[in-house]
file my_file.cif (mmCIF, C-alpha atoms)
data_my_file
#
loop_
_atom_site.group_PDB
_atom_site.id
_atom_site.type_symbol
_atom_site.label_atom_id
_atom_site.label_comp_id
_atom_site.auth_asym_id
_atom_site.auth_seq_id
_atom_site.Cartn_x
_atom_site.Cartn_y
_atom_site.Cartn_z
ATOM 1 C CA MET A 1 -1.184 7.215 3.425
ATOM 2 C CA ILE A 2 -0.497 8.809 6.792
ATOM 3 C CA ILE A 3 2.157 11.244 7.925
ATOM 4 C CA SER A 4 1.750 11.663 11.666
ATOM 5 C CA HIS A 5 3.651 14.584 13.154
ATOM 6 C CA ARG A 6 2.068 13.791 16.521
ATOM 7 C CA HIS A 7 3.533 10.272 16.669
ATOM 8 C CA ARG A 8 6.351 10.808 14.158
ATOM 9 C CA PHE A 9 5.542 8.030 11.718
ATOM 10 C CA ILE A 10 4.826 7.594 8.006
ATOM 11 C CA PHE A 11 2.598 4.809 6.696
ATOM 12 C CA VAL A 12 3.158 4.101 2.994
ATOM 13 C CA ARG A 13 0.247 2.303 1.353
ATOM 14 C CA VAL A 14 0.747 -0.637 -1.003
ATOM 15 C CA PRO A 15 -2.386 -1.707 -2.929
ATOM 16 C CA LYS A 16 -4.021 -4.989 -1.847
ATOM 17 C CA THR A 17 -2.059 -5.424 1.376
ATOM 18 C CA ALA A 18 -4.856 -4.469 3.808
ATOM 19 C CA SER A 19 -3.719 -0.852 3.566
ATOM 20 C CA THR A 20 -7.244 0.490 4.138
ATOM 21 C CA SER A 21 -7.520 -1.530 7.346
ATOM 22 C CA VAL A 22 -4.118 -0.316 8.532
ATOM 23 C CA GLN A 23 -4.975 3.310 7.763
ATOM 24 C CA ILE A 24 -8.236 3.027 9.703
ATOM 25 C CA ALA A 25 -6.406 1.543 12.688
ATOM 26 C CA PHE A 26 -3.560 4.085 12.819
ATOM 27 C CA GLY A 27 -5.642 7.002 11.561
ATOM 28 C CA ALA A 28 -7.546 6.916 14.851
ATOM 29 C CA PHE A 29 -4.433 8.305 16.563
ATOM 30 C CA CYS A 30 -3.835 11.226 14.191
ATOM 31 C CA GLY A 31 -3.962 14.849 15.277
ATOM 32 C CA GLU A 32 -5.295 17.847 13.407
ATOM 33 C CA ASP A 33 -1.909 18.691 11.898
ATOM 34 C CA ASP A 34 -1.262 15.203 10.551
ATOM 35 C CA ILE A 35 -1.602 14.308 6.868
ATOM 36 C CA VAL A 36 -4.212 11.656 6.046
ATOM 37 C CA THR A 37 -5.209 10.790 2.480
ATOM 38 C CA PRO A 38 -8.820 9.947 1.492
ATOM 39 C CA LEU A 39 -10.224 6.435 1.728
ATOM 40 C CA SER A 40 -13.221 4.826 0.080
ATOM 41 C CA THR A 41 -15.764 2.268 1.293
ATOM 42 C CA ARG A 42 -16.672 1.291 -2.286
ATOM 43 C CA ASN A 43 -17.915 -2.309 -2.406
ATOM 44 C CA ASP A 44 -17.207 -2.808 1.297
ATOM 45 C CA HIS A 45 -20.062 -4.207 3.330
ATOM 46 C CA GLU A 46 -18.172 -4.215 6.642
ATOM 47 C CA ILE A 47 -16.898 -0.620 6.792
ATOM 48 C CA THR A 48 -18.879 2.612 6.481
ATOM 49 C CA ASP A 49 -17.725 6.164 5.842
ATOM 50 C CA ALA A 50 -18.184 6.858 9.548
ATOM 51 C CA ASP A 51 -15.425 4.341 10.331
ATOM 52 C CA LEU A 52 -12.845 6.110 8.173
ATOM 53 C CA PRO A 53 -10.322 8.657 9.455
ATOM 54 C CA ALA A 54 -11.052 12.055 7.925
ATOM 55 C CA ALA A 55 -8.827 13.098 5.024
ATOM 56 C CA GLN A 56 -6.883 16.223 5.932
ATOM 57 C CA ASN A 57 -3.901 18.406 5.020
ATOM 58 C CA THR A 58 -3.329 16.700 1.655
ATOM 59 C CA THR A 59 -2.331 19.822 -0.295
ATOM 60 C CA VAL A 60 1.422 19.988 -0.886
ATOM 61 C CA SER A 61 3.316 23.190 -0.105
ATOM 62 C CA ARG A 62 4.483 24.824 -3.318
ATOM 63 C CA TRP A 63 7.915 25.169 -1.762
ATOM 64 C CA ARG A 64 8.206 21.405 -2.276
ATOM 65 C CA TYR A 65 7.046 21.266 -5.906
ATOM 66 C CA ALA A 66 9.015 19.357 -8.516
ATOM 67 C CA PRO A 67 9.158 20.746 -12.074
ATOM 68 C CA GLY A 68 6.362 18.411 -13.149
ATOM 69 C CA ASP A 69 4.118 19.732 -10.370
ATOM 70 C CA TRP A 70 4.570 23.289 -11.637
ATOM 71 C CA VAL A 71 3.719 22.192 -15.188
ATOM 72 C CA ARG A 72 0.466 20.563 -14.038
ATOM 73 C CA LEU A 73 -0.406 23.626 -11.970
ATOM 74 C CA LEU A 74 0.272 26.139 -14.736
ATOM 75 C CA LEU A 75 -1.217 24.174 -17.647
ATOM 76 C CA ALA A 76 -4.104 22.366 -15.958
ATOM 77 C CA GLY A 77 -4.599 24.289 -12.732
ATOM 78 C CA GLN A 78 -3.955 21.049 -10.833
ATOM 79 C CA ALA A 79 -2.303 21.502 -7.443
ATOM 80 C CA ALA A 80 -0.048 18.757 -6.082
ATOM 81 C CA GLU A 81 -1.667 16.512 -3.474
ATOM 82 C CA TYR A 82 -0.683 13.634 -1.277
ATOM 83 C CA ASP A 83 -2.735 10.748 -2.686
ATOM 84 C CA GLN A 84 -3.587 7.286 -1.396
ATOM 85 C CA HIS A 85 -0.761 5.365 -3.018
ATOM 86 C CA ILE A 86 1.937 8.018 -3.238
ATOM 87 C CA THR A 87 5.424 6.501 -3.387
ATOM 88 C CA ALA A 88 8.151 6.836 -0.786
ATOM 89 C CA ARG A 89 10.242 8.928 -3.164
ATOM 90 C CA ARG A 90 7.451 11.441 -3.661
ATOM 91 C CA ILE A 91 6.634 11.587 0.049
ATOM 92 C CA ARG A 92 10.257 12.401 0.855
ATOM 93 C CA GLN A 93 10.257 15.151 -1.743
ATOM 94 C CA TYR A 94 7.034 16.746 -0.478
ATOM 95 C CA LEU A 95 7.730 16.318 3.235
ATOM 96 C CA GLY A 96 11.401 17.233 3.223
ATOM 97 C CA ARG A 97 14.394 15.135 4.166
ATOM 98 C CA LYS A 98 14.606 16.331 7.771
ATOM 99 C CA SER A 99 11.195 14.971 8.772
ATOM 100 C CA TRP A 100 11.529 12.004 6.438
ATOM 101 C CA ASN A 101 14.752 10.925 8.125
ATOM 102 C CA ALA A 102 13.401 11.535 11.638
ATOM 103 C CA TYR A 103 10.068 9.703 11.318
ATOM 104 C CA PHE A 104 9.465 5.964 11.627
ATOM 105 C CA LYS A 105 8.412 4.606 8.222
ATOM 106 C CA PHE A 106 6.521 1.393 7.580
ATOM 107 C CA CYS A 107 4.423 -0.424 4.977
ATOM 108 C CA VAL A 108 2.895 -3.845 4.352
ATOM 109 C CA VAL A 109 4.008 -6.341 1.695
ATOM 110 C CA ARG A 110 2.312 -9.478 0.388
ATOM 111 C CA ASN A 111 3.272 -12.538 -1.602
ATOM 112 C CA PRO A 112 3.236 -11.206 -5.213
ATOM 113 C CA PHE A 113 1.344 -14.255 -6.497
ATOM 114 C CA ASP A 114 -1.431 -13.849 -3.946
ATOM 115 C CA ARG A 115 -1.446 -10.085 -4.441
ATOM 116 C CA ALA A 116 -1.856 -10.456 -8.229
ATOM 117 C CA VAL A 117 -5.023 -12.512 -7.762
ATOM 118 C CA SER A 118 -6.330 -9.982 -5.246
ATOM 119 C CA LEU A 119 -5.661 -7.127 -7.677
ATOM 120 C CA TYR A 120 -7.689 -8.912 -10.316
ATOM 121 C CA ARG A 121 -10.564 -9.610 -7.951
ATOM 122 C CA TRP A 122 -10.707 -6.014 -6.725
ATOM 123 C CA GLN A 123 -10.347 -4.207 -10.032
ATOM 124 C CA GLU A 124 -12.340 -6.496 -12.308
ATOM 125 C CA ARG A 125 -15.172 -7.463 -9.909
ATOM 126 C CA LYS A 126 -15.749 -10.656 -11.874
ATOM 127 C CA SER A 127 -15.812 -14.295 -10.941
ATOM 128 C CA THR A 128 -12.316 -15.650 -11.350
ATOM 129 C CA THR A 129 -11.747 -17.959 -14.282
ATOM 130 C CA GLN A 130 -8.239 -19.074 -15.045
ATOM 131 C CA ALA A 131 -8.295 -17.742 -18.601
ATOM 132 C CA VAL A 132 -9.446 -14.216 -17.727
ATOM 133 C CA LEU A 133 -7.269 -13.986 -14.606
ATOM 134 C CA ASN A 134 -4.111 -15.039 -16.402
ATOM 135 C CA ASP A 135 -4.752 -12.696 -19.319
ATOM 136 C CA TYR A 136 -5.132 -9.908 -16.752
ATOM 137 C CA ILE A 137 -1.793 -10.747 -15.133
ATOM 138 C CA LEU A 138 -0.021 -10.939 -18.498
ATOM 139 C CA GLN A 139 -1.354 -7.517 -19.530
ATOM 140 C CA LEU A 140 -1.045 -5.712 -16.187
ATOM 141 C CA PRO A 141 1.553 -2.888 -16.299
ATOM 142 C CA ASP A 142 4.801 -3.671 -14.511
ATOM 143 C CA GLU A 143 4.316 -0.850 -11.980
ATOM 144 C CA LYS A 144 0.983 -2.334 -10.897
ATOM 145 C CA LEU A 145 2.118 -5.930 -10.750
ATOM 146 C CA SER A 146 5.181 -5.041 -8.679
ATOM 147 C CA SER A 147 5.050 -2.919 -5.528
ATOM 148 C CA TRP A 148 8.833 -2.513 -5.245
ATOM 149 C CA HIS A 149 8.884 1.132 -6.360
ATOM 150 C CA ARG A 150 6.442 2.161 -3.633
ATOM 151 C CA TYR A 151 8.774 1.617 -0.680
ATOM 152 C CA THR A 152 12.167 2.015 -2.331
ATOM 153 C CA ILE A 153 14.200 4.965 -3.574
ATOM 154 C CA ARG A 154 16.839 4.288 -6.222
ATOM 155 C CA ASN A 155 16.232 0.575 -5.772
ATOM 156 C CA ARG A 156 16.921 0.672 -2.022
ATOM 157 C CA ILE A 157 14.288 -0.154 0.623
ATOM 158 C CA VAL A 158 13.761 2.996 2.710
ATOM 159 C CA MET A 159 11.234 1.705 5.256
ATOM 160 C CA ASP A 160 12.222 1.219 8.883
ATOM 161 C CA HIS A 161 9.868 -1.746 9.145
ATOM 162 C CA ILE A 162 8.242 -3.964 6.535
ATOM 163 C CA CYS A 163 5.112 -5.740 7.778
ATOM 164 C CA ARG A 164 4.071 -9.024 6.206
ATOM 165 C CA TYR A 165 0.446 -9.302 5.196
ATOM 166 C CA GLU A 166 0.480 -12.933 6.254
ATOM 167 C CA GLN A 167 1.261 -11.981 9.882
ATOM 168 C CA LEU A 168 -0.434 -8.607 9.868
ATOM 169 C CA GLN A 169 -1.815 -8.262 13.401
ATOM 170 C CA HIS A 170 1.439 -9.410 14.999
ATOM 171 C CA GLU A 171 3.508 -7.113 12.790
ATOM 172 C CA LEU A 172 1.316 -4.076 13.464
ATOM 173 C CA ASP A 173 1.366 -4.751 17.200
ATOM 174 C CA ASP A 174 5.161 -4.462 16.997
ATOM 175 C CA VAL A 175 4.887 -1.167 15.095
ATOM 176 C CA ALA A 176 2.369 0.223 17.586
ATOM 177 C CA LYS A 177 4.607 -0.728 20.499
ATOM 178 C CA ARG A 178 7.513 1.065 18.832
ATOM 179 C CA LEU A 179 5.346 4.188 18.423
ATOM 180 C CA GLY A 180 3.841 4.057 21.918
ATOM 181 C CA ILE A 181 0.320 3.480 20.565
ATOM 182 C CA GLN A 182 -2.247 1.145 22.138
ATOM 183 C CA LEU A 183 -3.506 -0.524 18.977
ATOM 184 C CA LEU A 184 -6.687 -2.580 19.046
ATOM 185 C CA SER A 185 -7.457 -5.310 16.506
ATOM 186 C CA VAL A 186 -7.130 -4.229 12.885
ATOM 187 C CA PRO A 187 -10.498 -4.003 11.052
ATOM 188 C CA HIS A 188 -11.030 -6.229 8.012
ATOM 189 C CA ALA A 189 -11.887 -3.602 5.432
ATOM 190 C CA LYS A 190 -12.725 -4.911 1.942
ATOM 191 C CA ALA A 191 -12.158 -8.472 3.129
ATOM 192 C CA GLY A 192 -15.270 -9.729 1.363
ATOM 193 C CA THR A 193 -13.942 -8.991 -2.126
ATOM 194 C CA TYR A 194 -11.548 -11.958 -2.243
ATOM 195 C CA ASP A 195 -12.249 -15.656 -1.738
ATOM 196 C CA HIS A 196 -9.217 -16.799 0.265
ATOM 197 C CA THR A 197 -10.180 -20.444 -0.048
ATOM 198 C CA GLN A 198 -8.910 -20.490 -3.635
ATOM 199 C CA SER A 199 -5.153 -20.932 -3.767
ATOM 200 C CA TYR A 200 -3.295 -18.841 -6.318
ATOM 201 C CA GLN A 201 -1.392 -22.024 -7.209
ATOM 202 C CA LEU A 202 -4.614 -23.440 -8.643
ATOM 203 C CA LEU A 203 -5.449 -20.268 -10.576
ATOM 204 C CA ILE A 204 -2.212 -18.928 -12.072
ATOM 205 C CA ASN A 205 -0.902 -20.683 -15.170
ATOM 206 C CA PRO A 206 2.807 -21.152 -16.069
ATOM 207 C CA ALA A 207 2.984 -18.066 -18.309
ATOM 208 C CA ALA A 208 1.464 -15.771 -15.672
ATOM 209 C CA ARG A 209 3.641 -17.325 -12.984
ATOM 210 C CA GLN A 210 6.736 -16.677 -15.091
ATOM 211 C CA ARG A 211 5.778 -13.029 -15.579
ATOM 212 C CA ILE A 212 5.238 -12.481 -11.842
ATOM 213 C CA GLU A 213 8.565 -14.158 -11.082
ATOM 214 C CA GLN A 214 10.279 -11.896 -13.600
ATOM 215 C CA ILE A 215 8.648 -8.560 -12.720
ATOM 216 C CA CYS A 216 8.484 -9.156 -8.952
ATOM 217 C CA ARG A 217 11.884 -10.832 -8.580
ATOM 218 C CA ARG A 218 13.220 -8.171 -6.206
ATOM 219 C CA GLU A 219 10.403 -8.466 -3.665
ATOM 220 C CA LEU A 220 10.358 -12.242 -3.962
ATOM 221 C CA ASP A 221 14.044 -12.330 -3.033
ATOM 222 C CA ALA A 222 13.947 -9.526 -0.460
ATOM 223 C CA PHE A 223 11.075 -10.950 1.593
ATOM 224 C CA GLY A 224 11.486 -14.676 1.064
ATOM 225 C CA TYR A 225 8.359 -15.172 -1.003
ATOM 226 C CA SER A 226 8.069 -17.914 -3.594
ATOM 227 C CA TRP A 227 5.535 -19.935 -5.547
ATOM 228 C CA GLU A 228 5.347 -22.307 -2.590
ATOM 229 C CA GLY A 229 4.569 -19.470 -0.143
ATOM 230 C CA ALA A 230 6.554 -17.443 2.384
ATOM 231 C CA GLN A 231 9.663 -18.539 4.219
ATOM 232 C CA GLU A 232 9.378 -18.502 7.993
#
call {"tool": "encode", "arguments": {"input": "my_file.cif", "output": "structure tokens"}}
result
Amino acid sequence: MIISHRHRFIFVRVPKTASTSVQIAFGAFCGEDDIVTPLSTRNDHEITDADLPAAQNTTVSRWRYAPGDWVRLLLAGQAAEYDQHITARRIRQYLGRKSWNAYFKFCVVRNPFDRAVSLYRWQERKSTTQAVLNDYILQLPDEKLSSWHRYTIRNRIVMDHICRYEQLQHELDDVAKRLGIQLLSVPHAKAGTYDHTQSYQLLINPAARQRIEQICRRELDAFGYSWEGAQE
């Protein structure tokens, strides 16, 4: 996640949508007062720690604490932090509405069927068999299977721009132009963890498909995704 005061933008991360690559690309333009959450090169053979933007300014001001933050601080000594996959609602709370409303906000979305397979590949680190993959999808918590809550508040999309994973470089070029940033090509962090030659249509069975269609219905409808792919 990035909050750039220098360039007045907020990048909200969505798991398995090339968010590490996007953070590396835009993190290069951050100043010392900007907020950048930590990244990891775990199981990435293309990216090293030296390529990552430094994590900085992740501690949340106590003036912005919610009641639950105070409970964790008082009972467990755990201070509130901006973390990698913090939701839009939480960012607005911690940052304050004035900056939230003034800054350009964007994220990346991905076809939920394709994203479900990628989640399995990344978290399980096992060769994909249909039986194990589909069991994983059927048992995955709703909030992990769907990304809707990450870029919405009270069921309303609050991003100024939604980038499609399937057209990532083009979409990010548009964002960079809007921000006045000269963006180079986006690095392919963690690209080696997923075999893109295997179509999700050949891997996901009817029961798992039905669950994705049920849990991810809002993003399927909002962004024109379907079992057949993405609408142009």
call {"tool": "closest_residue", "arguments": {"input": "my_file.cif", "among": "A:Ala55, A:Ile181, A:Val109, A:Leu133", "to": "Cys163 in chain A", "atoms": "all atoms listed in the file"}}
result
A:Val109
call {"tool": "atom_distance", "arguments": {"input": "my_file.cif", "atom1": "CA of Glu143 in chain A", "atom2": "CA of Pro15 in chain A"}}
result
11.3 Å
call {"tool": "atom_distance", "arguments": {"input": "my_file.cif", "atom1": "CA of Tyr103 in chain A", "atom2": "CA of Phe11 in chain A"}}
result
10.1 Å
call {"tool": "resolve_selection", "arguments": {"input": "my_file.cif", "expression": "the PyMOL selection byres ((chain A and resi 16) around 7)", "output": "number ranges by chain"}}
result
A: 14-15, 17-19, 115, 118-119
call {"tool": "write_last_selection", "arguments": {"input": "my_file.cif", "atoms": "C-alpha atoms", "output": "PDB file, in the coordinates of the input"}}
result
ATOM      1  CA  VAL A  14       0.747  -0.637  -1.003  1.00  0.00           C
ATOM      2  CA  PRO A  15      -2.386  -1.707  -2.929  1.00  0.00           C
ATOM      3  CA  THR A  17      -2.059  -5.424   1.376  1.00  0.00           C
ATOM      4  CA  ALA A  18      -4.856  -4.469   3.808  1.00  0.00           C
ATOM      5  CA  SER A  19      -3.719  -0.852   3.566  1.00  0.00           C
ATOM      6  CA  ARG A 115      -1.446 -10.085  -4.441  1.00  0.00           C
ATOM      7  CA  SER A 118      -6.330  -9.982  -5.246  1.00  0.00           C
ATOM      8  CA  LEU A 119      -5.661  -7.127  -7.677  1.00  0.00           C
TER       9      LEU A 119
END
call {"tool": "closest_residue", "arguments": {"input": "my_file.cif", "among": "A:Arg217, A:Arg156, A:Glu81, A:Phe106", "to": "Arg178 in chain A", "atoms": "all atoms listed in the file"}}
result
A:Phe106
call {"tool": "atom_distance", "arguments": {"input": "my_file.cif", "atom1": "CA of Leu203 in chain A", "atom2": "CA of Ser147 in chain A"}}
result
20.9 Å
call {"tool": "axis_aligned_box", "arguments": {"input": "my_file.cif", "around": "range 212-224 of chain A", "padding_each_side": "5 Å", "output": "lines of an AutoDock Vina configuration file"}}
result
center_x = 9.6
center_y = -11.4
center_z = -6.0
size_x = 18.8
size_y = 16.5
size_z = 25.2
call {"tool": "resolve_selection", "arguments": {"input": "my_file.cif", "expression": "the PyMOL selection byres ((chain A and resi 83) around 12)", "output": "MDAnalysis selection string"}}
result
chainID A and resid 1:3 12:13 35:39 55:60 79:82 84:88 90:91 94
call {"tool": "closest_residue", "arguments": {"input": "my_file.cif", "among": "A:Phe29, A:Tyr200, A:Trp100, A:Tyr65", "to": "His7 in chain A", "atoms": "all atoms listed in the file"}}
result
A:Phe29
call {"tool": "resolve_selection", "arguments": {"input": "my_file.cif", "expression": "the PyMOL selection byres ((chain A and resi 136-142) around 8)", "output": "tab-separated table (two decimals) with C-alpha atoms, in the frame of the given file"}}
result
chain	number	residue	atom	x	y	z
A	116	ALA	CA	-1.86	-10.46	-8.23
A	120	TYR	CA	-7.69	-8.91	-10.32
A	132	VAL	CA	-9.45	-14.22	-17.73
A	133	LEU	CA	-7.27	-13.99	-14.61
A	134	ASN	CA	-4.11	-15.04	-16.40
A	135	ASP	CA	-4.75	-12.70	-19.32
A	143	GLU	CA	4.32	-0.85	-11.98
A	144	LYS	CA	0.98	-2.33	-10.90
A	145	LEU	CA	2.12	-5.93	-10.75
A	146	SER	CA	5.18	-5.04	-8.68
A	207	ALA	CA	2.98	-18.07	-18.31
A	208	ALA	CA	1.46	-15.77	-15.67
A	211	ARG	CA	5.78	-13.03	-15.58
A	212	ILE	CA	5.24	-12.48	-11.84
A	215	ILE	CA	8.65	-8.56	-12.72
call {"tool": "closest_residue", "arguments": {"input": "my_file.cif", "among": "A:Thr152, A:Asn101, A:Asn111, A:Gln201", "to": "Gln167 in chain A", "atoms": "only C-alpha atoms"}}
result
A:Asn111
call {"tool": "decode", "arguments": {"input": "my_file.cif", "residues": "range 1-30 of chain A", "atoms": "N, CA and C atoms", "output": "short mmCIF file (atom, residue, chain, number, x, y, z; two decimals), in the first residue's frame"}}
result
data_model
loop_
_atom_site.label_atom_id
_atom_site.label_comp_id
_atom_site.auth_asym_id
_atom_site.auth_seq_id
_atom_site.Cartn_x
_atom_site.Cartn_y
_atom_site.Cartn_z
N MET A 1 0.85 -1.18 0.00
CA MET A 1 0.00 0.00 0.00
C MET A 1 0.89 1.23 0.00
N ILE A 2 0.48 2.24 -0.73
CA ILE A 2 1.21 3.51 -0.76
C ILE A 2 0.24 4.66 -0.54
N ILE A 3 0.64 5.59 0.32
CA ILE A 3 0.00 6.89 0.39
C ILE A 3 1.08 7.91 0.08
N SER A 4 1.00 8.52 -1.07
CA SER A 4 2.01 9.49 -1.48
C SER A 4 1.50 10.91 -1.29
N HIS A 5 2.07 11.60 -0.30
CA HIS A 5 1.73 13.01 -0.12
C HIS A 5 2.40 13.85 -1.20
N ARG A 6 3.56 13.39 -1.66
CA ARG A 6 4.30 14.13 -2.69
C ARG A 6 3.49 14.21 -3.98
N HIS A 7 2.92 13.08 -4.40
CA HIS A 7 2.17 13.05 -5.67
C HIS A 7 0.67 12.92 -5.46
N ARG A 8 0.23 12.94 -4.21
CA ARG A 8 -1.19 12.98 -3.87
C ARG A 8 -1.96 11.81 -4.47
N PHE A 9 -1.48 10.60 -4.16
CA PHE A 9 -2.21 9.41 -4.60
C PHE A 9 -2.19 8.35 -3.51
N ILE A 10 -3.14 7.43 -3.60
CA ILE A 10 -3.24 6.28 -2.70
C ILE A 10 -3.38 5.03 -3.57
N PHE A 11 -2.47 4.09 -3.37
CA PHE A 11 -2.56 2.79 -4.05
C PHE A 11 -3.02 1.75 -3.05
N VAL A 12 -4.19 1.16 -3.30
CA VAL A 12 -4.77 0.14 -2.44
C VAL A 12 -4.46 -1.23 -3.04
N ARG A 13 -3.79 -2.06 -2.27
CA ARG A 13 -3.38 -3.37 -2.77
C ARG A 13 -4.53 -4.39 -2.68
N VAL A 14 -4.65 -5.20 -3.71
CA VAL A 14 -5.56 -6.34 -3.74
C VAL A 14 -4.70 -7.57 -3.99
N PRO A 15 -4.76 -8.59 -3.14
CA PRO A 15 -3.90 -9.76 -3.30
C PRO A 15 -4.07 -10.43 -4.67
N LYS A 16 -2.96 -10.85 -5.25
CA LYS A 16 -2.88 -11.58 -6.51
C LYS A 16 -3.40 -10.79 -7.69
N THR A 17 -3.06 -9.50 -7.71
CA THR A 17 -3.36 -8.65 -8.87
C THR A 17 -2.12 -7.87 -9.30
N ALA A 18 -0.95 -8.47 -9.11
CA ALA A 18 0.33 -7.82 -9.42
C ALA A 18 0.59 -6.62 -8.53
N SER A 19 0.05 -6.64 -7.32
CA SER A 19 0.18 -5.49 -6.43
C SER A 19 1.62 -5.23 -6.01
N THR A 20 2.43 -6.29 -5.87
CA THR A 20 3.84 -6.09 -5.54
C THR A 20 4.55 -5.37 -6.68
N SER A 21 4.28 -5.76 -7.90
CA SER A 21 4.89 -5.11 -9.06
C SER A 21 4.49 -3.64 -9.14
N VAL A 22 3.21 -3.36 -8.89
CA VAL A 22 2.73 -1.98 -8.95
C VAL A 22 3.37 -1.15 -7.84
N GLN A 23 3.49 -1.72 -6.65
CA GLN A 23 4.09 -0.97 -5.55
C GLN A 23 5.57 -0.68 -5.81
N ILE A 24 6.28 -1.63 -6.43
CA ILE A 24 7.67 -1.38 -6.78
C ILE A 24 7.76 -0.22 -7.78
N ALA A 25 6.88 -0.26 -8.78
CA ALA A 25 6.93 0.76 -9.83
C ALA A 25 6.61 2.15 -9.29
N PHE A 26 5.56 2.29 -8.50
CA PHE A 26 5.16 3.61 -8.00
C PHE A 26 5.93 4.00 -6.74
N GLY A 27 6.43 3.00 -6.01
CA GLY A 27 7.21 3.30 -4.82
C GLY A 27 8.49 4.05 -5.14
N ALA A 28 8.98 3.90 -6.36
CA ALA A 28 10.21 4.59 -6.77
C ALA A 28 10.05 6.10 -6.76
N PHE A 29 8.82 6.59 -6.75
CA PHE A 29 8.57 8.03 -6.82
C PHE A 29 8.19 8.62 -5.46
N CYS A 30 8.25 7.80 -4.40
CA CYS A 30 7.82 8.27 -3.09
C CYS A 30 8.89 9.10 -2.40
#
